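Shown here: protein.txt, compact mmCIF, N, CA and C atoms.
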# COMPACT_ATOMS: atom_id res chain seq x y z
N MET A 282 46.50 63.72 101.66
CA MET A 282 47.66 62.91 101.33
C MET A 282 48.86 63.46 102.11
N LYS A 283 49.36 62.67 103.00
CA LYS A 283 50.51 63.06 103.81
C LYS A 283 51.79 62.65 103.08
N LEU A 284 52.63 63.63 102.81
CA LEU A 284 53.90 63.35 102.14
C LEU A 284 54.93 62.82 103.14
N GLN A 285 55.70 61.88 102.69
CA GLN A 285 56.79 61.34 103.50
C GLN A 285 58.02 62.25 103.36
N LYS A 286 58.93 62.13 104.30
CA LYS A 286 60.13 62.96 104.26
C LYS A 286 60.93 62.73 102.98
N LYS A 287 60.98 61.48 102.51
CA LYS A 287 61.72 61.20 101.28
C LYS A 287 61.10 61.92 100.08
N ASP A 288 59.76 62.09 100.10
CA ASP A 288 59.09 62.83 99.03
C ASP A 288 59.49 64.30 99.05
N ILE A 289 59.53 64.87 100.24
CA ILE A 289 59.92 66.28 100.39
C ILE A 289 61.38 66.46 99.97
N GLN A 290 62.22 65.51 100.34
CA GLN A 290 63.63 65.58 99.94
C GLN A 290 63.77 65.52 98.42
N HIS A 291 62.97 64.66 97.79
CA HIS A 291 63.01 64.55 96.34
C HIS A 291 62.55 65.85 95.67
N ILE A 292 61.47 66.41 96.18
CA ILE A 292 60.96 67.68 95.63
C ILE A 292 61.99 68.79 95.82
N ALA A 293 62.60 68.84 96.99
CA ALA A 293 63.63 69.86 97.26
C ALA A 293 64.81 69.69 96.32
N LYS A 294 65.19 68.45 96.06
CA LYS A 294 66.31 68.20 95.15
C LYS A 294 65.96 68.67 93.74
N LEU A 295 64.73 68.37 93.28
CA LEU A 295 64.30 68.81 91.95
C LEU A 295 64.29 70.34 91.84
N ALA A 296 63.93 71.00 92.95
CA ALA A 296 63.87 72.46 92.97
C ALA A 296 65.23 73.08 93.32
N ARG A 297 66.21 72.23 93.53
CA ARG A 297 67.56 72.68 93.89
C ARG A 297 67.55 73.54 95.16
N LEU A 298 66.82 73.05 96.16
CA LEU A 298 66.72 73.74 97.44
C LEU A 298 67.50 72.96 98.49
N GLU A 299 68.23 73.67 99.30
CA GLU A 299 68.90 73.05 100.44
C GLU A 299 68.09 73.42 101.68
N LEU A 300 67.41 72.43 102.24
CA LEU A 300 66.52 72.69 103.37
C LEU A 300 67.10 72.15 104.66
N THR A 301 66.77 72.83 105.74
CA THR A 301 67.14 72.34 107.06
C THR A 301 66.08 71.33 107.50
N GLU A 302 66.35 70.61 108.59
CA GLU A 302 65.39 69.64 109.10
C GLU A 302 64.07 70.32 109.46
N LYS A 303 64.17 71.51 110.04
CA LYS A 303 62.97 72.26 110.42
C LYS A 303 62.16 72.64 109.17
N GLU A 304 62.86 73.01 108.11
CA GLU A 304 62.17 73.38 106.87
C GLU A 304 61.52 72.16 106.21
N TYR A 305 62.15 70.99 106.31
CA TYR A 305 61.53 69.77 105.78
C TYR A 305 60.18 69.54 106.44
N ASP A 306 60.14 69.71 107.77
CA ASP A 306 58.88 69.52 108.50
C ASP A 306 57.85 70.57 108.09
N LEU A 307 58.27 71.82 108.04
CA LEU A 307 57.36 72.92 107.72
C LEU A 307 56.79 72.77 106.31
N TYR A 308 57.67 72.59 105.32
CA TYR A 308 57.21 72.50 103.94
C TYR A 308 56.47 71.20 103.69
N GLY A 309 56.82 70.15 104.41
CA GLY A 309 56.09 68.89 104.30
C GLY A 309 54.64 69.05 104.72
N GLU A 310 54.42 69.76 105.84
CA GLU A 310 53.06 70.02 106.30
C GLU A 310 52.30 70.90 105.30
N GLN A 311 52.97 71.93 104.79
CA GLN A 311 52.31 72.84 103.85
C GLN A 311 51.95 72.14 102.54
N LEU A 312 52.88 71.38 101.99
CA LEU A 312 52.59 70.67 100.74
C LEU A 312 51.52 69.60 100.94
N SER A 313 51.56 68.93 102.07
CA SER A 313 50.53 67.94 102.36
C SER A 313 49.16 68.60 102.45
N GLY A 314 49.10 69.78 103.05
CA GLY A 314 47.84 70.52 103.13
C GLY A 314 47.31 70.90 101.76
N VAL A 315 48.19 71.30 100.87
CA VAL A 315 47.78 71.65 99.50
C VAL A 315 47.22 70.41 98.80
N LEU A 316 47.90 69.29 98.94
CA LEU A 316 47.43 68.05 98.30
C LEU A 316 46.11 67.58 98.87
N GLU A 317 45.90 67.76 100.18
CA GLU A 317 44.62 67.40 100.79
C GLU A 317 43.51 68.27 100.23
N PHE A 318 43.79 69.55 100.02
CA PHE A 318 42.79 70.45 99.45
C PHE A 318 42.44 70.02 98.03
N ILE A 319 43.44 69.64 97.25
CA ILE A 319 43.20 69.18 95.88
C ILE A 319 42.36 67.91 95.91
N ASP A 320 42.61 67.01 96.87
CA ASP A 320 41.78 65.82 97.00
C ASP A 320 40.32 66.18 97.27
N LYS A 321 40.08 67.21 98.11
CA LYS A 321 38.72 67.65 98.38
C LYS A 321 38.05 68.17 97.11
N LEU A 322 38.81 68.87 96.27
CA LEU A 322 38.24 69.39 95.03
C LEU A 322 37.80 68.26 94.10
N SER A 323 38.49 67.14 94.15
CA SER A 323 38.13 66.03 93.27
C SER A 323 36.80 65.40 93.67
N GLU A 324 36.30 65.69 94.87
CA GLU A 324 35.01 65.17 95.32
C GLU A 324 33.83 65.97 94.76
N VAL A 325 34.08 67.16 94.23
CA VAL A 325 33.01 68.03 93.74
C VAL A 325 32.48 67.48 92.42
N ASN A 326 31.15 67.45 92.30
CA ASN A 326 30.51 66.99 91.08
C ASN A 326 30.58 68.09 90.02
N THR A 327 31.28 67.81 88.94
CA THR A 327 31.43 68.80 87.85
C THR A 327 30.88 68.26 86.54
N ASP A 328 29.93 67.33 86.61
CA ASP A 328 29.40 66.70 85.40
C ASP A 328 28.81 67.71 84.42
N ASN A 329 28.06 68.68 84.90
CA ASN A 329 27.38 69.63 84.02
C ASN A 329 28.06 70.99 83.98
N VAL A 330 29.34 71.03 84.28
CA VAL A 330 30.07 72.30 84.30
C VAL A 330 30.95 72.37 83.05
N GLU A 331 30.78 73.46 82.30
CA GLU A 331 31.59 73.67 81.10
C GLU A 331 33.03 73.99 81.50
N PRO A 332 34.00 73.42 80.79
CA PRO A 332 35.40 73.80 81.05
C PRO A 332 35.60 75.28 80.72
N THR A 333 36.44 75.93 81.48
CA THR A 333 36.70 77.35 81.25
C THR A 333 38.16 77.66 81.52
N ALA A 334 38.66 78.65 80.79
CA ALA A 334 40.04 79.07 80.98
C ALA A 334 40.11 80.31 81.86
N GLN A 335 39.03 81.08 81.87
CA GLN A 335 38.99 82.28 82.71
C GLN A 335 37.54 82.61 83.01
N VAL A 336 37.29 83.37 84.06
CA VAL A 336 35.92 83.61 84.51
C VAL A 336 35.53 85.08 84.53
N THR A 337 36.38 85.95 84.05
CA THR A 337 36.09 87.38 84.14
C THR A 337 35.21 87.88 83.01
N GLY A 338 35.11 87.13 81.91
CA GLY A 338 34.33 87.59 80.78
C GLY A 338 35.09 88.52 79.86
N LEU A 339 36.35 88.77 80.17
CA LEU A 339 37.14 89.66 79.32
C LEU A 339 37.51 88.96 78.03
N LEU A 340 37.60 89.73 76.97
CA LEU A 340 37.97 89.20 75.67
C LEU A 340 39.18 89.94 75.15
N ASN A 341 39.94 89.29 74.29
CA ASN A 341 41.03 89.99 73.61
C ASN A 341 40.40 90.86 72.53
N ILE A 342 40.68 92.13 72.60
CA ILE A 342 40.16 93.05 71.60
C ILE A 342 41.34 93.45 70.72
N LEU A 343 41.28 93.06 69.48
CA LEU A 343 42.37 93.32 68.56
C LEU A 343 41.96 94.40 67.58
N ARG A 344 42.91 95.16 67.15
CA ARG A 344 42.65 96.15 66.13
C ARG A 344 43.62 95.93 64.99
N GLU A 345 43.25 96.40 63.84
CA GLU A 345 44.11 96.26 62.69
C GLU A 345 45.27 97.25 62.81
N ASP A 346 46.46 96.78 62.48
CA ASP A 346 47.62 97.67 62.49
C ASP A 346 47.54 98.62 61.32
N LYS A 347 47.81 99.88 61.60
CA LYS A 347 47.83 100.87 60.54
C LYS A 347 49.19 101.54 60.52
N VAL A 348 49.83 101.56 59.37
CA VAL A 348 51.12 102.21 59.23
C VAL A 348 50.87 103.69 59.03
N MET A 349 51.52 104.48 59.86
CA MET A 349 51.38 105.94 59.75
C MET A 349 52.77 106.53 59.56
N ASP A 350 52.97 107.20 58.47
CA ASP A 350 54.26 107.82 58.18
C ASP A 350 54.46 109.06 59.05
N TRP A 351 55.70 109.25 59.46
CA TRP A 351 56.05 110.44 60.22
C TRP A 351 56.56 111.50 59.25
N ASN A 352 56.33 112.74 59.61
CA ASN A 352 56.93 113.79 58.79
C ASN A 352 58.39 113.96 59.23
N GLU A 353 59.13 114.72 58.49
CA GLU A 353 60.58 114.84 58.75
C GLU A 353 60.88 115.40 60.13
N LYS A 354 60.06 116.33 60.61
CA LYS A 354 60.30 116.91 61.93
C LYS A 354 60.11 115.83 63.02
N GLU A 355 59.07 115.02 62.90
CA GLU A 355 58.83 113.96 63.88
C GLU A 355 59.99 112.95 63.87
N GLN A 356 60.46 112.61 62.68
CA GLN A 356 61.59 111.69 62.58
C GLN A 356 62.83 112.27 63.24
N ALA A 357 63.12 113.53 62.93
CA ALA A 357 64.31 114.18 63.49
C ALA A 357 64.22 114.24 65.02
N ASP A 358 63.03 114.57 65.54
CA ASP A 358 62.85 114.62 67.00
C ASP A 358 63.09 113.25 67.63
N ALA A 359 62.60 112.21 67.00
CA ALA A 359 62.78 110.86 67.54
C ALA A 359 64.25 110.46 67.48
N PHE A 360 64.92 110.78 66.39
CA PHE A 360 66.33 110.42 66.25
C PHE A 360 67.21 111.15 67.26
N LYS A 361 66.81 112.38 67.63
CA LYS A 361 67.59 113.13 68.62
C LYS A 361 67.57 112.45 69.98
N GLU A 362 66.51 111.69 70.26
CA GLU A 362 66.38 111.02 71.55
C GLU A 362 67.24 109.77 71.65
N ALA A 363 67.68 109.27 70.52
CA ALA A 363 68.47 108.03 70.52
C ALA A 363 69.88 108.32 71.02
N PRO A 364 70.39 107.47 71.92
CA PRO A 364 71.74 107.68 72.42
C PRO A 364 72.80 107.43 71.35
N ASN A 365 72.51 106.55 70.40
CA ASN A 365 73.49 106.24 69.37
C ASN A 365 72.74 105.98 68.07
N PHE A 366 72.84 106.91 67.14
CA PHE A 366 72.11 106.83 65.88
C PHE A 366 73.08 107.12 64.74
N GLU A 367 73.06 106.25 63.73
CA GLU A 367 74.00 106.40 62.64
C GLU A 367 73.41 105.80 61.36
N ASP A 368 73.56 106.46 60.24
CA ASP A 368 73.08 105.98 58.94
C ASP A 368 71.60 105.61 58.97
N ASN A 369 70.80 106.48 59.56
CA ASN A 369 69.35 106.27 59.63
C ASN A 369 68.96 105.02 60.42
N GLN A 370 69.81 104.61 61.35
CA GLN A 370 69.54 103.42 62.15
C GLN A 370 69.92 103.67 63.61
N TYR A 371 69.15 103.05 64.50
CA TYR A 371 69.51 103.07 65.91
C TYR A 371 70.58 102.02 66.12
N LYS A 372 71.64 102.39 66.82
CA LYS A 372 72.67 101.42 67.15
C LYS A 372 72.50 101.01 68.61
N VAL A 373 72.47 99.71 68.83
CA VAL A 373 72.32 99.18 70.20
C VAL A 373 73.43 98.19 70.46
N LYS A 374 73.64 97.91 71.75
CA LYS A 374 74.64 96.93 72.11
C LYS A 374 74.18 95.55 71.66
N ARG A 375 75.14 94.74 71.32
CA ARG A 375 74.87 93.38 70.89
C ARG A 375 74.30 92.59 72.08
N VAL A 376 73.26 91.81 71.81
CA VAL A 376 72.64 90.97 72.83
C VAL A 376 72.87 89.52 72.44
N LEU A 377 73.52 88.80 73.31
CA LEU A 377 73.78 87.39 73.04
C LEU A 377 73.05 86.53 74.03

Re-express the file's structure as structure tokens.
Amino acid sequence: MKLQKKDIQHIAKLARLELTEKEYDLYGEQLSGVLEFIDKLSEVNTDNVEPTAQVTGLLNILREDKVMDWNEKEQADAFKEAPNFEDNQYKVKRVL
């Protein structure tokens, strides 16, 4: 599928890109190549292929959260590392 210059201009506008004439030609060729490759993929017979989200075989391995209390020395050591600690709380800058 060969993209027209007006298509490239529209895509550039959506992406908020200011392209030169040379870049319109370059990106037009590249995007057209990508679309041609996608067209080739649509020719592949996938009737007996199961849909998949990933192919590595990896699984999410979850563990149960366990609350572990710190002793007073561990707490004091952690609090010493805080740049700003007051009333048993870490103070941080406001994030808006």

All helix (DSSP H, G or I) positions in chain A, as a ChimeraX atom specification
/A:286-295,302-322,353-362

Please return, as an MDAnalysis selection string, all residues of region 316-374 of chain A that DSSP assigns to strand (DSSP E or B) on the basis of the backbone.
chainID A and resid 366:367 370:371

Do you know which residues lie at most 12 Å from (66.3, 105.9, 59.2), with coordinates as in the file and only C-alpha atoms counted, and could you write them as a list of chain:residue names?
A:Trp351, A:Glu353, A:Glu355, A:Gln356, A:Ala357, A:Ala359, A:Phe360, A:Lys361, A:Ala363, A:Phe366, A:Glu367, A:Asp368, A:Asn369, A:Gln370, A:Tyr371, A:Lys372

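Here atom N of Tyr305 (chain A) stands at a distance of 22.6 Å from atom C of Ile319 (chain A).
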
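You will find CA of Glu302 (chain A) at 20.5 Å from CA of Met282 (chain A).
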
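Among the candidates A:Leu300, A:Leu339, A:Leu312, A:Val376, the one nearest to Lys283 (chain A) when counting only C-alpha atoms is A:Leu312.
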
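When all atoms listed in the file are used to measure the gap to Tyr308 (chain A), the shortest distance among A:Ile342, A:Ile289, A:Val348, A:Ala296 belongs to A:Ile289.
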
Work out how far apart CA of Lys287 (chain A) and CA of Asp306 (chain A) are and give it in Å to one decimal.
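Computing it gives 11.4 Å between the two atoms.
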
Considering only C-alpha atoms, state which residue in the set A:Gln285, A:Asn365, A:Asn329, A:Thr337 is at the smallest distance from Glu310 (chain A).
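Smallest distance to Glu310 (chain A) is found for A:Gln285.
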
Copy region 340-372 of chain A out of the block into a file, keeping N, CA and C atoms, as a CSV table (one decimal), in the first residue's frame.
chain,number,residue,atom,x,y,z
A,340,LEU,N,5.7,-17.4,32.9
A,340,LEU,CA,4.5,-17.1,33.6
A,340,LEU,C,4.7,-16.1,34.7
A,341,ASN,N,3.6,-15.5,35.1
A,341,ASN,CA,3.8,-14.6,36.3
A,341,ASN,C,3.8,-15.5,37.5
A,342,ILE,N,4.8,-15.4,38.3
A,342,ILE,CA,4.9,-16.2,39.5
A,342,ILE,C,4.6,-15.2,40.7
A,343,LEU,N,3.5,-15.5,41.4
A,343,LEU,CA,3.2,-14.6,42.5
A,343,LEU,C,3.4,-15.3,43.8
A,344,ARG,N,3.7,-14.5,44.8
A,344,ARG,CA,3.8,-15.1,46.1
A,344,ARG,C,2.9,-14.3,47.0
A,345,GLU,N,2.6,-14.9,48.1
A,345,GLU,CA,1.7,-14.3,49.1
A,345,GLU,C,2.6,-13.2,49.9
A,346,ASP,N,2.0,-12.1,50.1
A,346,ASP,CA,2.7,-11.0,50.9
A,346,ASP,C,2.7,-11.4,52.3
A,347,LYS,N,3.8,-11.3,52.9
A,347,LYS,CA,3.9,-11.6,54.4
A,347,LYS,C,4.4,-10.3,55.1
A,348,VAL,N,3.7,-9.9,56.1
A,348,VAL,CA,4.1,-8.7,56.9
A,348,VAL,C,5.1,-9.2,57.9
A,349,MET,N,6.3,-8.5,57.9
A,349,MET,CA,7.3,-8.9,58.8
A,349,MET,C,7.6,-7.6,59.6
A,350,ASP,N,7.5,-7.7,60.9
A,350,ASP,CA,7.8,-6.6,61.8
A,350,ASP,C,9.3,-6.4,61.9
A,351,TRP,N,9.7,-5.1,62.0
A,351,TRP,CA,11.1,-4.8,62.2
A,351,TRP,C,11.3,-4.6,63.7
A,352,ASN,N,12.5,-4.9,64.2
A,352,ASN,CA,12.8,-4.6,65.6
A,352,ASN,C,13.1,-3.1,65.7
A,353,GLU,N,13.3,-2.6,66.8
A,353,GLU,CA,13.5,-1.1,67.0
A,353,GLU,C,14.8,-0.7,66.4
A,354,LYS,N,15.8,-1.5,66.4
A,354,LYS,CA,17.1,-1.1,65.8
A,354,LYS,C,17.0,-1.0,64.3
A,355,GLU,N,16.3,-1.9,63.7
A,355,GLU,CA,16.1,-1.9,62.2
A,355,GLU,C,15.3,-0.6,61.9
A,356,GLN,N,14.2,-0.3,62.6
A,356,GLN,CA,13.4,0.9,62.4
A,356,GLN,C,14.3,2.1,62.5
A,357,ALA,N,15.1,2.2,63.6
A,357,ALA,CA,15.9,3.4,63.8
A,357,ALA,C,16.9,3.6,62.7
A,358,ASP,N,17.5,2.5,62.2
A,358,ASP,CA,18.5,2.5,61.1
A,358,ASP,C,17.8,3.0,59.8
A,359,ALA,N,16.6,2.6,59.6
A,359,ALA,CA,15.9,3.0,58.4
A,359,ALA,C,15.5,4.5,58.5
A,360,PHE,N,15.1,4.9,59.7
A,360,PHE,CA,14.7,6.3,59.8
A,360,PHE,C,15.9,7.3,59.7
A,361,LYS,N,17.1,6.8,60.1
A,361,LYS,CA,18.3,7.6,60.0
A,361,LYS,C,18.6,7.9,58.5
A,362,GLU,N,18.2,7.0,57.6
A,362,GLU,CA,18.5,7.2,56.2
A,362,GLU,C,17.6,8.2,55.5
A,363,ALA,N,16.5,8.5,56.2
A,363,ALA,CA,15.5,9.4,55.6
A,363,ALA,C,16.0,10.9,55.7
A,364,PRO,N,15.9,11.6,54.6
A,364,PRO,CA,16.4,13.0,54.6
A,364,PRO,C,15.5,13.9,55.5
A,365,ASN,N,14.2,13.6,55.6
A,365,ASN,CA,13.3,14.4,56.4
A,365,ASN,C,12.3,13.4,57.1
A,366,PHE,N,12.4,13.3,58.4
A,366,PHE,CA,11.6,12.3,59.1
A,366,PHE,C,11.1,13.1,60.4
A,367,GLU,N,9.8,13.0,60.6
A,367,GLU,CA,9.2,13.7,61.7
A,367,GLU,C,7.9,13.0,62.2
A,368,ASP,N,7.7,12.8,63.5
A,368,ASP,CA,6.6,12.2,64.1
A,368,ASP,C,6.3,10.8,63.5
A,369,ASN,N,7.4,10.0,63.4
A,369,ASN,CA,7.3,8.6,62.9
A,369,ASN,C,6.8,8.5,61.5
A,370,GLN,N,7.1,9.6,60.7
A,370,GLN,CA,6.6,9.6,59.3
A,370,GLN,C,7.7,10.2,58.4
A,371,TYR,N,7.8,9.7,57.2
A,371,TYR,CA,8.7,10.3,56.2
A,371,TYR,C,8.0,11.5,55.7
A,372,LYS,N,8.7,12.6,55.6
A,372,LYS,CA,8.2,13.8,54.9
A,372,LYS,C,8.8,13.9,53.6
